[in-house]
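Asks: Next up is a structure, given as C-alpha cells.
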Amino acid sequence: MSNIDPGPGYQTYNQPSGPDRSARNQAAARRTALTVCTIADIAAGLLGLWILLFLLDANEANVFVGFVRGTADWLAWWSQDIFTMDTEGLRVVLNYGLPAVMYLLIGHGIAARLNRA
C-alpha cells in the first residue's frame with residue numbers, strides 16, 4: 001500500500017483550503033459597509049421624519065409621534081440648541097437637520113472606505 005493521500009474528509013497539503021481569503025474579506029467588508037450605510041440612513045431618516053412631523057404640527061400626544069421625537073432627541077443630543085432662532089420651525093430644522101447630515105456624511109464615508117479596503 002503506497003497510497004499517501006489522506007482519508008476522506010481530510011485536506012491535502014497542496015490544495016487550497018477553500019475560497020480565497022481576500023474574496024471572503026472583501027465580502028465581509030461589503031456587508032459591514034452595507035450595515036453602516038443602513039444604520040446611518042435609518043438615523044437620518046428618523047431625524048428627517050421628526051422635522052417633517054414638527055413642521056406639519058403633528059399631535060405630540062400620539063404614541064408614534066412621541067416615539068419619533070424621543071428617538072430624534074436621543075440621536076441629536078449632541079446638537080441640541082446649537083442654533084437658537086426665534087422661529088421654532090427653523091430652530092428644529094437646523095438642530096435636527098445638522099445631525100442628520102452628519103450621520104449621512106460620516107456613515108457613507110466610512111462605508112466607502114470599507115468598500116475600498
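Simple scheme: letters A, B, ... for chains in C-alpha cells order, numbers from 1 for residues in each chain, numbers from 1 for ligands in the order shown.
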Write out as a short mmCIF file (atom, residue, chain, number, x, y, z; two decimals) with C-alpha atoms, in the first residue's frame each polymer residue whose atoms come within 12 Å of Leu94 (chain A), counting only C-alpha atoms; drop sequence neighbours fewer than 3 positions from it.
Replies:
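Full text of out-v8.cif as output:
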```cif
data_model
loop_
_atom_site.label_atom_id
_atom_site.label_comp_id
_atom_site.auth_asym_id
_atom_site.auth_seq_id
_atom_site.Cartn_x
_atom_site.Cartn_y
_atom_site.Cartn_z
CA LEU A 47 -34.38 62.80 12.25
CA GLY A 48 -35.91 63.91 8.95
CA ILE A 51 -38.55 67.53 11.32
CA ALA A 76 -29.44 64.59 18.22
CA SER A 79 -26.57 69.18 18.67
CA GLN A 80 -29.39 70.43 20.83
CA ASP A 81 -29.54 74.23 21.00
CA ILE A 82 -26.58 74.85 18.70
CA PHE A 83 -28.91 77.18 16.84
CA THR A 84 -31.21 79.38 18.92
CA MET A 85 -33.58 81.04 16.49
CA THR A 87 -38.63 80.89 14.78
CA GLU A 88 -39.34 77.49 16.30
CA GLY A 89 -39.61 75.69 12.95
CA LEU A 90 -36.24 76.96 11.74
CA ARG A 91 -34.65 76.02 15.06
CA GLY A 97 -31.02 68.62 10.29
CA LEU A 98 -27.36 69.07 11.22
CA PRO A 99 -27.05 65.65 12.88
CA ALA A 100 -28.99 64.04 10.02
CA VAL A 101 -26.50 65.40 7.51
CA MET A 102 -23.56 64.46 9.73
#
```
Asks: Taking the chain letters and numbering used in this document, name the residues of region 28-86 of chain A that DSSP puts in alpha helix (DSSP H), as a ChimeraX atom specification.
Replies: /A:28-55,63-75
Asks: Need to verify the contact set: Asn115 (chain A), 10 Å, only C-alpha atoms, exclusion of same-chain residues closer than 5 positions in sequence. Can you return it as a list of chain:residue names?
Replies: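 Within the cut-off, the hits are A:Gln26, A:Ala27, A:Ala28, A:Ala29, A:Arg30, A:Arg31, A:Thr32, A:Ala33, A:Leu34, A:Gly109, A:Ile110.
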Asks: Atoms to include: all heavy atoms. Write the selected residues as an mmCIF file, in the first residue's frame.
Replies:
```cif
data_model
loop_
_atom_site.group_PDB
_atom_site.id
_atom_site.type_symbol
_atom_site.label_atom_id
_atom_site.label_comp_id
_atom_site.auth_asym_id
_atom_site.auth_seq_id
_atom_site.Cartn_x
_atom_site.Cartn_y
_atom_site.Cartn_z
ATOM 1 N N GLN A 26 -13.259 40.722 1.338
ATOM 2 C CA GLN A 26 -13.982 41.741 0.581
ATOM 3 C C GLN A 26 -15.478 41.606 0.795
ATOM 4 O O GLN A 26 -16.181 42.606 0.930
ATOM 5 C CB GLN A 26 -13.651 41.638 -0.905
ATOM 6 C CG GLN A 26 -12.276 42.141 -1.257
ATOM 7 C CD GLN A 26 -11.952 41.935 -2.726
ATOM 8 O OE1 GLN A 26 -12.654 41.224 -3.437
ATOM 9 N NE2 GLN A 26 -10.874 42.558 -3.168
ATOM 10 N N ALA A 27 -15.967 40.385 0.830
ATOM 11 C CA ALA A 27 -17.392 40.171 1.072
ATOM 12 C C ALA A 27 -17.781 40.646 2.470
ATOM 13 O O ALA A 27 -18.833 41.274 2.649
ATOM 14 C CB ALA A 27 -17.742 38.699 0.890
ATOM 15 N N ALA A 28 -16.944 40.377 3.445
ATOM 16 C CA ALA A 28 -17.217 40.840 4.813
ATOM 17 C C ALA A 28 -17.176 42.362 4.887
ATOM 18 O O ALA A 28 -17.999 42.977 5.574
ATOM 19 C CB ALA A 28 -16.217 40.238 5.788
ATOM 20 N N ALA A 29 -16.241 42.978 4.182
ATOM 21 C CA ALA A 29 -16.154 44.441 4.169
ATOM 22 C C ALA A 29 -17.392 45.044 3.510
ATOM 23 O O ALA A 29 -17.909 46.066 3.980
ATOM 24 C CB ALA A 29 -14.895 44.896 3.432
ATOM 25 N N ARG A 30 -17.879 44.415 2.451
ATOM 26 C CA ARG A 30 -19.097 44.918 1.799
ATOM 27 C C ARG A 30 -20.312 44.792 2.713
ATOM 28 O O ARG A 30 -21.143 45.701 2.775
ATOM 29 C CB ARG A 30 -19.352 44.156 0.499
ATOM 30 C CG ARG A 30 -18.458 44.584 -0.617
ATOM 31 C CD ARG A 30 -18.927 44.013 -1.948
ATOM 32 N NE ARG A 30 -17.864 44.178 -2.913
ATOM 33 C CZ ARG A 30 -17.105 43.194 -3.366
ATOM 34 N NH1 ARG A 30 -17.311 41.962 -2.958
ATOM 35 N NH2 ARG A 30 -16.151 43.424 -4.228
ATOM 36 N N ARG A 31 -20.411 43.680 3.426
ATOM 37 C CA ARG A 31 -21.532 43.513 4.361
ATOM 38 C C ARG A 31 -21.460 44.536 5.487
ATOM 39 O O ARG A 31 -22.474 45.115 5.889
ATOM 40 C CB ARG A 31 -21.538 42.095 4.927
ATOM 41 C CG ARG A 31 -22.083 41.065 3.970
ATOM 42 C CD ARG A 31 -22.342 39.733 4.670
ATOM 43 N NE ARG A 31 -21.161 39.198 5.338
ATOM 44 C CZ ARG A 31 -20.261 38.401 4.767
ATOM 45 N NH1 ARG A 31 -20.407 38.063 3.506
ATOM 46 N NH2 ARG A 31 -19.231 37.942 5.446
ATOM 47 N N THR A 32 -20.261 44.775 5.990
ATOM 48 C CA THR A 32 -20.092 45.768 7.044
ATOM 49 C C THR A 32 -20.419 47.161 6.531
ATOM 50 O O THR A 32 -21.087 47.947 7.211
ATOM 51 C CB THR A 32 -18.651 45.720 7.588
ATOM 52 O OG1 THR A 32 -18.357 44.392 8.017
ATOM 53 C CG2 THR A 32 -18.466 46.687 8.739
ATOM 54 N N ALA A 33 -19.979 47.479 5.315
ATOM 55 C CA ALA A 33 -20.273 48.781 4.716
ATOM 56 C C ALA A 33 -21.775 48.954 4.529
ATOM 57 O O ALA A 33 -22.326 50.032 4.797
ATOM 58 C CB ALA A 33 -19.546 48.934 3.390
ATOM 59 N N LEU A 34 -22.455 47.910 4.094
ATOM 60 C CA LEU A 34 -23.904 47.982 3.922
ATOM 61 C C LEU A 34 -24.604 48.199 5.260
ATOM 62 O O LEU A 34 -25.553 48.980 5.358
ATOM 63 C CB LEU A 34 -24.415 46.706 3.253
ATOM 64 C CG LEU A 34 -25.911 46.638 3.005
ATOM 65 C CD1 LEU A 34 -26.340 47.740 2.049
ATOM 66 C CD2 LEU A 34 -26.290 45.276 2.469
ATOM 67 N N GLY A 109 -19.240 57.860 4.349
ATOM 68 C CA GLY A 109 -17.781 57.958 4.227
ATOM 69 C C GLY A 109 -17.091 56.717 4.766
ATOM 70 O O GLY A 109 -16.163 56.193 4.138
ATOM 71 N N ILE A 110 -17.540 56.245 5.909
ATOM 72 C CA ILE A 110 -16.964 55.017 6.478
ATOM 73 C C ILE A 110 -17.247 53.836 5.556
ATOM 74 O O ILE A 110 -16.377 52.996 5.315
ATOM 75 C CB ILE A 110 -17.521 54.767 7.897
ATOM 76 C CG1 ILE A 110 -16.989 55.813 8.869
ATOM 77 C CG2 ILE A 110 -17.196 53.351 8.378
ATOM 78 C CD1 ILE A 110 -17.647 55.789 10.228
#
```
